[in-house]
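Below: run_20.pdb (PDB, N, CA and C atoms)
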ATOM      1  N   MET A   6     115.220 118.794 110.250
ATOM      2  CA  MET A   6     114.818 117.887 109.188
ATOM      3  C   MET A   6     115.677 116.635 109.251
ATOM      4  N   ALA A   7     115.108 115.532 108.904
ATOM      5  CA  ALA A   7     115.800 114.249 108.945
ATOM      6  C   ALA A   7     116.788 114.129 107.788
ATOM      7  N   TYR A   8     117.802 113.346 108.008
ATOM      8  CA  TYR A   8     118.797 113.067 106.973
ATOM      9  C   TYR A   8     118.213 112.094 105.960
ATOM     10  N   LYS A   9     118.302 112.442 104.670
ATOM     11  CA  LYS A   9     117.816 111.568 103.609
ATOM     12  C   LYS A   9     119.016 110.890 102.947
ATOM     13  N   LYS A  10     118.992 109.582 102.908
ATOM     14  CA  LYS A  10     120.083 108.803 102.329
ATOM     15  C   LYS A  10     119.944 108.712 100.804
ATOM     16  N   PHE A  11     118.708 108.735 100.309
ATOM     17  CA  PHE A  11     118.424 108.596  98.878
ATOM     18  C   PHE A  11     117.538 109.747  98.414
ATOM     19  N   ASP A  12     117.466 109.937  97.093
ATOM     20  CA  ASP A  12     116.636 110.982  96.509
ATOM     21  C   ASP A  12     115.582 110.380  95.581
ATOM     22  N   ILE A  13     114.541 111.147  95.319
ATOM     23  CA  ILE A  13     113.494 110.722  94.386
ATOM     24  C   ILE A  13     114.130 110.454  93.020
ATOM     25  N   GLY A  14     113.714 109.353  92.397
ATOM     26  CA  GLY A  14     114.226 108.985  91.084
ATOM     27  C   GLY A  14     115.390 108.011  91.130
ATOM     28  N   GLU A  15     115.992 107.811  92.304
ATOM     29  CA  GLU A  15     117.092 106.851  92.410
ATOM     30  C   GLU A  15     116.538 105.433  92.502
ATOM     31  N   THR A  16     117.357 104.474  92.098
ATOM     32  CA  THR A  16     116.974 103.073  92.162
ATOM     33  C   THR A  16     117.632 102.443  93.386
ATOM     34  N   ILE A  17     116.809 101.798  94.212
ATOM     35  CA  ILE A  17     117.308 101.132  95.409
ATOM     36  C   ILE A  17     116.959  99.652  95.338
ATOM     37  N   ARG A  18     117.646  98.838  96.161
ATOM     38  CA  ARG A  18     117.406  97.399  96.124
ATOM     39  C   ARG A  18     117.450  96.801  97.519
ATOM     40  N   PHE A  19     116.770  95.678  97.676
ATOM     41  CA  PHE A  19     116.798  94.905  98.910
ATOM     42  C   PHE A  19     117.926  93.887  98.782
ATOM     43  N   GLU A  20     118.882  93.944  99.691
ATOM     44  CA  GLU A  20     120.002  93.013  99.675
ATOM     45  C   GLU A  20     119.616  91.736 100.423
ATOM     46  N   VAL A  21     119.886  90.603  99.834
ATOM     47  CA  VAL A  21     119.524  89.315 100.417
ATOM     48  C   VAL A  21     120.171  89.131 101.791
ATOM     49  N   GLU A  22     121.411  89.581 101.949
ATOM     50  CA  GLU A  22     122.152  89.354 103.185
ATOM     51  C   GLU A  22     121.622  90.175 104.362
ATOM     52  N   THR A  23     121.048  91.340 104.108
ATOM     53  CA  THR A  23     120.662  92.237 105.197
ATOM     54  C   THR A  23     119.165  92.512 105.289
ATOM     55  N   ASN A  24     118.381  92.075 104.336
ATOM     56  CA  ASN A  24     116.948  92.353 104.326
ATOM     57  C   ASN A  24     116.212  91.437 105.291
ATOM     58  N   THR A  25     115.635  92.012 106.343
ATOM     59  CA  THR A  25     114.854  91.224 107.299
ATOM     60  C   THR A  25     113.395  91.674 107.350
ATOM     61  N   HIS A  26     113.046  92.768 106.698
ATOM     62  CA  HIS A  26     111.692  93.312 106.762
ATOM     63  C   HIS A  26     110.845  93.003 105.524
ATOM     64  N   TYR A  27     111.473  92.822 104.397
ATOM     65  CA  TYR A  27     110.750  92.596 103.138
ATOM     66  C   TYR A  27     111.272  91.320 102.484
ATOM     67  N   LEU A  28     111.136  90.194 103.162
ATOM     68  CA  LEU A  28     111.729  88.934 102.707
ATOM     69  C   LEU A  28     111.235  88.492 101.333
ATOM     70  N   ALA A  29     109.991  88.763 101.018
ATOM     71  CA  ALA A  29     109.446  88.373  99.714
ATOM     72  C   ALA A  29     110.068  89.176  98.573
ATOM     73  N   HIS A  30     110.793  90.239  98.903
ATOM     74  CA  HIS A  30     111.378  91.120  97.890
ATOM     75  C   HIS A  30     112.911  91.035  97.853
ATOM     76  N   ASN A  31     113.488  89.995  98.464
ATOM     77  CA  ASN A  31     114.950  89.838  98.452
ATOM     78  C   ASN A  31     115.489  89.904  97.032
ATOM     79  N   GLY A  32     116.472  90.777  96.816
ATOM     80  CA  GLY A  32     117.081  90.941  95.503
ATOM     81  C   GLY A  32     116.321  91.862  94.563
ATOM     82  N   HIS A  33     115.121  92.263  94.925
ATOM     83  CA  HIS A  33     114.342  93.163  94.069
ATOM     84  C   HIS A  33     114.901  94.582  94.154
ATOM     85  N   GLN A  34     114.633  95.342  93.109
ATOM     86  CA  GLN A  34     114.988  96.756  93.120
ATOM     87  C   GLN A  34     113.825  97.558  92.574
ATOM     88  N   GLY A  35     113.883  98.857  92.824
ATOM     89  CA  GLY A  35     112.805  99.709  92.358
ATOM     90  C   GLY A  35     113.162 101.172  92.462
ATOM     91  N   LEU A  36     112.284 101.989  91.955
ATOM     92  CA  LEU A  36     112.478 103.431  91.867
ATOM     93  C   LEU A  36     111.796 104.136  93.034
ATOM     94  N   ILE A  37     112.478 105.129  93.611
ATOM     95  CA  ILE A  37     111.893 105.928  94.684
ATOM     96  C   ILE A  37     110.930 106.930  94.068
ATOM     97  N   ARG A  38     109.665 106.890  94.518
ATOM     98  CA  ARG A  38     108.642 107.799  93.989
ATOM     99  C   ARG A  38     108.417 109.002  94.888
ATOM    100  N   SER A  39     108.563 108.839  96.194
ATOM    101  CA  SER A  39     108.390 109.967  97.109
ATOM    102  C   SER A  39     109.114 109.668  98.420
ATOM    103  N   ILE A  40     109.288 110.729  99.218
ATOM    104  CA  ILE A  40     109.980 110.627 100.501
ATOM    105  C   ILE A  40     109.155 111.366 101.544
ATOM    106  N   GLU A  41     108.940 110.727 102.694
ATOM    107  CA  GLU A  41     108.222 111.365 103.798
ATOM    108  C   GLU A  41     109.043 111.235 105.065
ATOM    109  N   SER A  42     108.906 112.218 105.937
ATOM    110  CA  SER A  42     109.554 112.111 107.247
ATOM    111  C   SER A  42     108.545 112.512 108.318
ATOM    112  N   TYR A  43     108.694 111.917 109.482
ATOM    113  CA  TYR A  43     107.811 112.225 110.602
ATOM    114  C   TYR A  43     108.567 112.072 111.909
ATOM    115  N   LYS A  44     108.056 112.708 112.947
ATOM    116  CA  LYS A  44     108.684 112.616 114.263
ATOM    117  C   LYS A  44     108.502 111.216 114.820
ATOM    118  N   LYS A  45     109.528 110.737 115.526
ATOM    119  CA  LYS A  45     109.429 109.442 116.184
ATOM    120  C   LYS A  45     108.348 109.489 117.250
ATOM    121  N   HIS A  46     107.698 108.356 117.475
ATOM    122  CA  HIS A  46     106.660 108.275 118.495
ATOM    123  C   HIS A  46     107.258 108.315 119.900
ATOM    124  N   LYS A  47     108.474 107.779 120.039
ATOM    125  CA  LYS A  47     109.171 107.785 121.327
ATOM    126  C   LYS A  47     110.559 108.352 121.126
ATOM    127  N   GLY A  48     110.954 109.234 121.975
ATOM    128  CA  GLY A  48     112.290 109.803 121.903
ATOM    129  C   GLY A  48     112.411 110.896 120.859
ATOM    130  N   PRO A  49     113.580 111.546 120.843
ATOM    131  CA  PRO A  49     113.794 112.627 119.879
ATOM    132  C   PRO A  49     114.131 112.100 118.479
ATOM    133  N   GLY A  50     114.000 112.965 117.495
ATOM    134  CA  GLY A  50     114.407 112.621 116.141
ATOM    135  C   GLY A  50     113.248 112.389 115.199
ATOM    136  N   THR A  51     113.604 112.058 113.972
ATOM    137  CA  THR A  51     112.615 111.816 112.928
ATOM    138  C   THR A  51     112.915 110.504 112.206
ATOM    139  N   VAL A  52     111.928 110.020 111.478
ATOM    140  CA  VAL A  52     112.045 108.806 110.675
ATOM    141  C   VAL A  52     111.795 109.197 109.222
ATOM    142  N   VAL A  53     112.626 108.702 108.308
ATOM    143  CA  VAL A  53     112.438 108.945 106.879
ATOM    144  C   VAL A  53     111.956 107.649 106.237
ATOM    145  N   VAL A  54     110.865 107.737 105.473
ATOM    146  CA  VAL A  54     110.300 106.583 104.787
ATOM    147  C   VAL A  54     110.257 106.899 103.297
ATOM    148  N   TYR A  55     110.701 105.934 102.505
ATOM    149  CA  TYR A  55     110.731 106.084 101.048
ATOM    150  C   TYR A  55     109.583 105.298 100.436
ATOM    151  N   GLU A  56     108.882 105.900  99.474
ATOM    152  CA  GLU A  56     107.883 105.151  98.719
ATOM    153  C   GLU A  56     108.577 104.623  97.482
ATOM    154  N   MET A  57     108.573 103.318  97.353
ATOM    155  CA  MET A  57     109.330 102.640  96.293
ATOM    156  C   MET A  57     108.392 101.811  95.428
ATOM    157  N   GLU A  58     108.544 101.933  94.121
ATOM    158  CA  GLU A  58     107.807 101.072  93.207
ATOM    159  C   GLU A  58     108.728  99.908  92.860
ATOM    160  N   CYS A  59     108.443  98.740  93.435
ATOM    161  CA  CYS A  59     109.282  97.563  93.272
ATOM    162  C   CYS A  59     109.135  96.998  91.857
ATOM    163  N   GLU A  60     110.159  96.296  91.406
ATOM    164  CA  GLU A  60     110.128  95.707  90.067
ATOM    165  C   GLU A  60     109.027  94.663  89.912
ATOM    166  N   CYS A  61     108.512  94.134  91.030
ATOM    167  CA  CYS A  61     107.443  93.141  90.968
ATOM    168  C   CYS A  61     106.058  93.793  90.887
ATOM    169  N   GLY A  62     106.023  95.127  90.944
ATOM    170  CA  GLY A  62     104.757  95.844  90.837
ATOM    171  C   GLY A  62     104.196  96.337  92.159
ATOM    172  N   SER A  63     104.783  95.922  93.268
ATOM    173  CA  SER A  63     104.319  96.360  94.581
ATOM    174  C   SER A  63     104.806  97.768  94.897
ATOM    175  N   VAL A  64     104.027  98.509  95.664
ATOM    176  CA  VAL A  64     104.460  99.798  96.181
ATOM    177  C   VAL A  64     104.810  99.574  97.649
ATOM    178  N   LEU A  65     106.071  99.826  98.007
ATOM    179  CA  LEU A  65     106.584  99.540  99.341
ATOM    180  C   LEU A  65     107.044 100.823 100.016
ATOM    181  N   HIS A  66     107.202 100.770 101.331
ATOM    182  CA  HIS A  66     107.602 101.943 102.110
ATOM    183  C   HIS A  66     108.761 101.608 103.054
ATOM    184  N   PRO A  67     109.930 101.281 102.503
ATOM    185  CA  PRO A  67     111.068 100.933 103.358
ATOM    186  C   PRO A  67     111.731 102.160 103.974
ATOM    187  N   GLN A  68     112.458 101.921 105.055
ATOM    188  CA  GLN A  68     113.341 102.933 105.613
ATOM    189  C   GLN A  68     114.726 102.707 105.014
ATOM    190  N   ALA A  69     115.622 103.652 105.207
ATOM    191  CA  ALA A  69     116.940 103.598 104.579
ATOM    192  C   ALA A  69     117.734 102.353 104.946
ATOM    193  N   HIS A  70     117.605 101.876 106.193
ATOM    194  CA  HIS A  70     118.389 100.710 106.589
ATOM    195  C   HIS A  70     117.849  99.399 106.003
ATOM    196  N   HIS A  71     116.717  99.430 105.340
ATOM    197  CA  HIS A  71     116.168  98.240 104.687
ATOM    198  C   HIS A  71     116.736  98.033 103.293
ATOM    199  N   VAL A  72     117.320  99.061 102.682
ATOM    200  CA  VAL A  72     117.717  99.008 101.273
ATOM    201  C   VAL A  72     119.111  99.633 101.057
ATOM    202  N   THR A  73     119.651  99.406  99.859
ATOM    203  CA  THR A  73     120.899 100.022  99.447
ATOM    204  C   THR A  73     120.700 100.626  98.056
ATOM    205  N   LEU A  74     121.581 101.518  97.673
ATOM    206  CA  LEU A  74     121.530 102.134  96.353
ATOM    207  C   LEU A  74     121.942 101.097  95.315
ATOM    208  N   ALA A  75     121.131 100.919  94.271
ATOM    209  CA  ALA A  75     121.451  99.970  93.196
ATOM    210  C   ALA A  75     122.475 100.627  92.269
ATOM    211  N   ARG A  76     123.471  99.902  91.926
ATOM    212  CA  ARG A  76     124.528 100.439  91.054
ATOM    213  C   ARG A  76     124.553  99.706  89.745
TER
END
Show the structure stored in the file as structure tokens.
Amino acid sequence: MAYKKFDIGETIRFEVETNTHYLAHNGHQGLIRSIESYKKHKGPGTVVVYEMECECGSVLHPQAHHVTLAR
């Protein structure tokens, strides 16, 4: 099973300094609604994707390296 950095119900955010995948959501935060993992298409291992309800109303699917835990 893949390593999960966050859990359902936690609030995560896109950091302006490191966000390169969701530029329209820089500085936004939201709640994790679900977590999915799947095998990589190439090479060994798995990918974990979080379903996030952003504060702007969008439902997004970032990976752990796209976001940080909001404190």
Item to complete: Can you give me, as a ChimeraX atom specification, the residues this file yields under the PyMOL selection byres ((chain A and resi 39) around 5)?
Response: /A:37-38,40-41,55-56
Worksheet item: Distance CA of His30 in chain A-CA of Ala69 in chain A, one decimal place?
Response: 15.2 Å
Worksheet item: With distances taken over all atoms listed in the file, which of A:Val54, A:Thr73, A:His66, A:Tyr43 is nearest to Glu20 in chain A?
Response: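 Smallest distance to Glu20 in chain A is found for A:Thr73.
Every residue of chain A with a DSSP assignment of strand (DSSP E), taken from the backbone, is listed as A:Thr16, A:Ile17, A:Arg18, A:Gln34, A:Gly35, A:Leu36, A:Ile37, A:Arg38, A:Ser39, A:Ile40, A:Glu41, A:Ser42, A:Tyr43, A:Lys44, A:Thr51, A:Val52, A:Val53, A:Val54, A:Tyr55, A:Glu56, A:Met57, A:Glu58, A:Cys59, A:Val64, A:Leu65, A:Thr73, A:Leu74.
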Item to complete: Measure the distance from CA of Lys47 in chain A to CA of Asn24 in chain A in Å and round it to one decimal.
Response: 24.2 Å
Worksheet item: To one decimal place, how far is CA of Lys45 in chain A from CA of His71 in chain A in Å?
Response: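 Here the two named atoms are 17.4 Å from each other.
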Fill in: Closest of A:Leu36, A:Val21, A:Leu28, A:Ile13 to Cys59 in chain A - atom-to-atom distances counting all atoms listed in the file
A:Leu36
Practice prompt. Can you give me, as number ranges by chain, the residues this file yields under the PyMOL selection byres ((chain A and resi 34) around 7)?
Written response: A: 16-19, 30-33, 35-36, 58-61
Practice prompt. For each of A:Ala75, A:His26, A:Val64, A:Tyr8, take the minimum atom-to-atom distance to Val52 in chain A, counting all atoms listed in the file, then give the residue where this is smallest.
Written response: A:Tyr8
Worksheet item: With distances taken over only N, CA and C atoms, which of A:Tyr27, A:Glu22, A:Val53, A:Gly62 is nearest to Lys9 in chain A?
Response: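 Closest to Lys9 in chain A, using only N, CA and C atoms: A:Val53.
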Give the padded box for range 55-71 of chain A as lines of an AutoDock Vina configuration file: axis-aligned, covering all atoms listed in the file, 5 Å on each side, centre and edge lengths in Å to one decimal.
center_x = 111.2
center_y = 99.6
center_z = 98.3
size_x = 24.4
size_y = 22.9
size_z = 26.7
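Nearest-residue note for Asp12 in chain A: choosing from A:Ala29, A:Ser63, A:Thr51, A:Met57, the minimum distance belongs to A:Met57, counting only C-alpha atoms.
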Can you fill out range 46-69 of chain A with N, CA, C and O atoms and hand it back as a compact mmCIF listing (two decimals), keeping the file's coordinate frame?
# COMPACT_ATOMS: atom_id res chain seq x y z
N HIS A 46 107.70 108.36 117.48
CA HIS A 46 106.66 108.28 118.50
C HIS A 46 107.26 108.32 119.90
O HIS A 46 106.64 108.81 120.83
N LYS A 47 108.47 107.78 120.04
CA LYS A 47 109.17 107.78 121.33
C LYS A 47 110.56 108.35 121.13
O LYS A 47 111.26 107.98 120.18
N GLY A 48 110.95 109.23 121.98
CA GLY A 48 112.29 109.80 121.90
C GLY A 48 112.41 110.90 120.86
O GLY A 48 111.49 111.14 120.08
N PRO A 49 113.58 111.55 120.84
CA PRO A 49 113.79 112.63 119.88
C PRO A 49 114.13 112.10 118.48
O PRO A 49 114.51 110.94 118.32
N GLY A 50 114.00 112.96 117.50
CA GLY A 50 114.41 112.62 116.14
C GLY A 50 113.25 112.39 115.20
O GLY A 50 112.08 112.50 115.57
N THR A 51 113.60 112.06 113.97
CA THR A 51 112.62 111.82 112.93
C THR A 51 112.92 110.50 112.21
O THR A 51 114.01 109.96 112.29
N VAL A 52 111.93 110.02 111.48
CA VAL A 52 112.04 108.81 110.68
C VAL A 52 111.80 109.20 109.22
O VAL A 52 110.85 109.94 108.93
N VAL A 53 112.63 108.70 108.31
CA VAL A 53 112.44 108.94 106.88
C VAL A 53 111.96 107.65 106.24
O VAL A 53 112.54 106.59 106.44
N VAL A 54 110.86 107.74 105.47
CA VAL A 54 110.30 106.58 104.79
C VAL A 54 110.26 106.90 103.30
O VAL A 54 109.83 107.97 102.89
N TYR A 55 110.70 105.93 102.50
CA TYR A 55 110.73 106.08 101.05
C TYR A 55 109.58 105.30 100.44
O TYR A 55 109.33 104.17 100.83
N GLU A 56 108.88 105.90 99.47
CA GLU A 56 107.88 105.15 98.72
C GLU A 56 108.58 104.62 97.48
O GLU A 56 109.10 105.39 96.67
N MET A 57 108.57 103.32 97.35
CA MET A 57 109.33 102.64 96.29
C MET A 57 108.39 101.81 95.43
O MET A 57 107.54 101.10 95.94
N GLU A 58 108.54 101.93 94.12
CA GLU A 58 107.81 101.07 93.21
C GLU A 58 108.73 99.91 92.86
O GLU A 58 109.69 100.06 92.12
N CYS A 59 108.44 98.74 93.44
CA CYS A 59 109.28 97.56 93.27
C CYS A 59 109.14 97.00 91.86
O CYS A 59 108.09 97.16 91.22
N GLU A 60 110.16 96.30 91.41
CA GLU A 60 110.13 95.71 90.07
C GLU A 60 109.03 94.66 89.91
O GLU A 60 108.62 94.35 88.79
N CYS A 61 108.51 94.13 91.03
CA CYS A 61 107.44 93.14 90.97
C CYS A 61 106.06 93.79 90.89
O CYS A 61 105.05 93.10 90.80
N GLY A 62 106.02 95.13 90.94
CA GLY A 62 104.76 95.84 90.84
C GLY A 62 104.20 96.34 92.16
O GLY A 62 103.23 97.09 92.17
N SER A 63 104.78 95.92 93.27
CA SER A 63 104.32 96.36 94.58
C SER A 63 104.81 97.77 94.90
O SER A 63 105.87 98.17 94.46
N VAL A 64 104.03 98.51 95.66
CA VAL A 64 104.46 99.80 96.18
C VAL A 64 104.81 99.57 97.65
O VAL A 64 103.96 99.15 98.44
N LEU A 65 106.07 99.83 98.01
CA LEU A 65 106.58 99.54 99.34
C LEU A 65 107.04 100.82 100.02
O LEU A 65 107.29 101.82 99.35
N HIS A 66 107.20 100.77 101.33
CA HIS A 66 107.60 101.94 102.11
C HIS A 66 108.76 101.61 103.05
O HIS A 66 108.61 101.65 104.27
N PRO A 67 109.93 101.28 102.50
CA PRO A 67 111.07 100.93 103.36
C PRO A 67 111.73 102.16 103.97
O PRO A 67 111.59 103.28 103.48
N GLN A 68 112.46 101.92 105.06
CA GLN A 68 113.34 102.93 105.61
C GLN A 68 114.73 102.71 105.01
O GLN A 68 114.99 101.68 104.39
N ALA A 69 115.62 103.65 105.21
CA ALA A 69 116.94 103.60 104.58
C ALA A 69 117.73 102.35 104.95
O ALA A 69 118.45 101.80 104.11
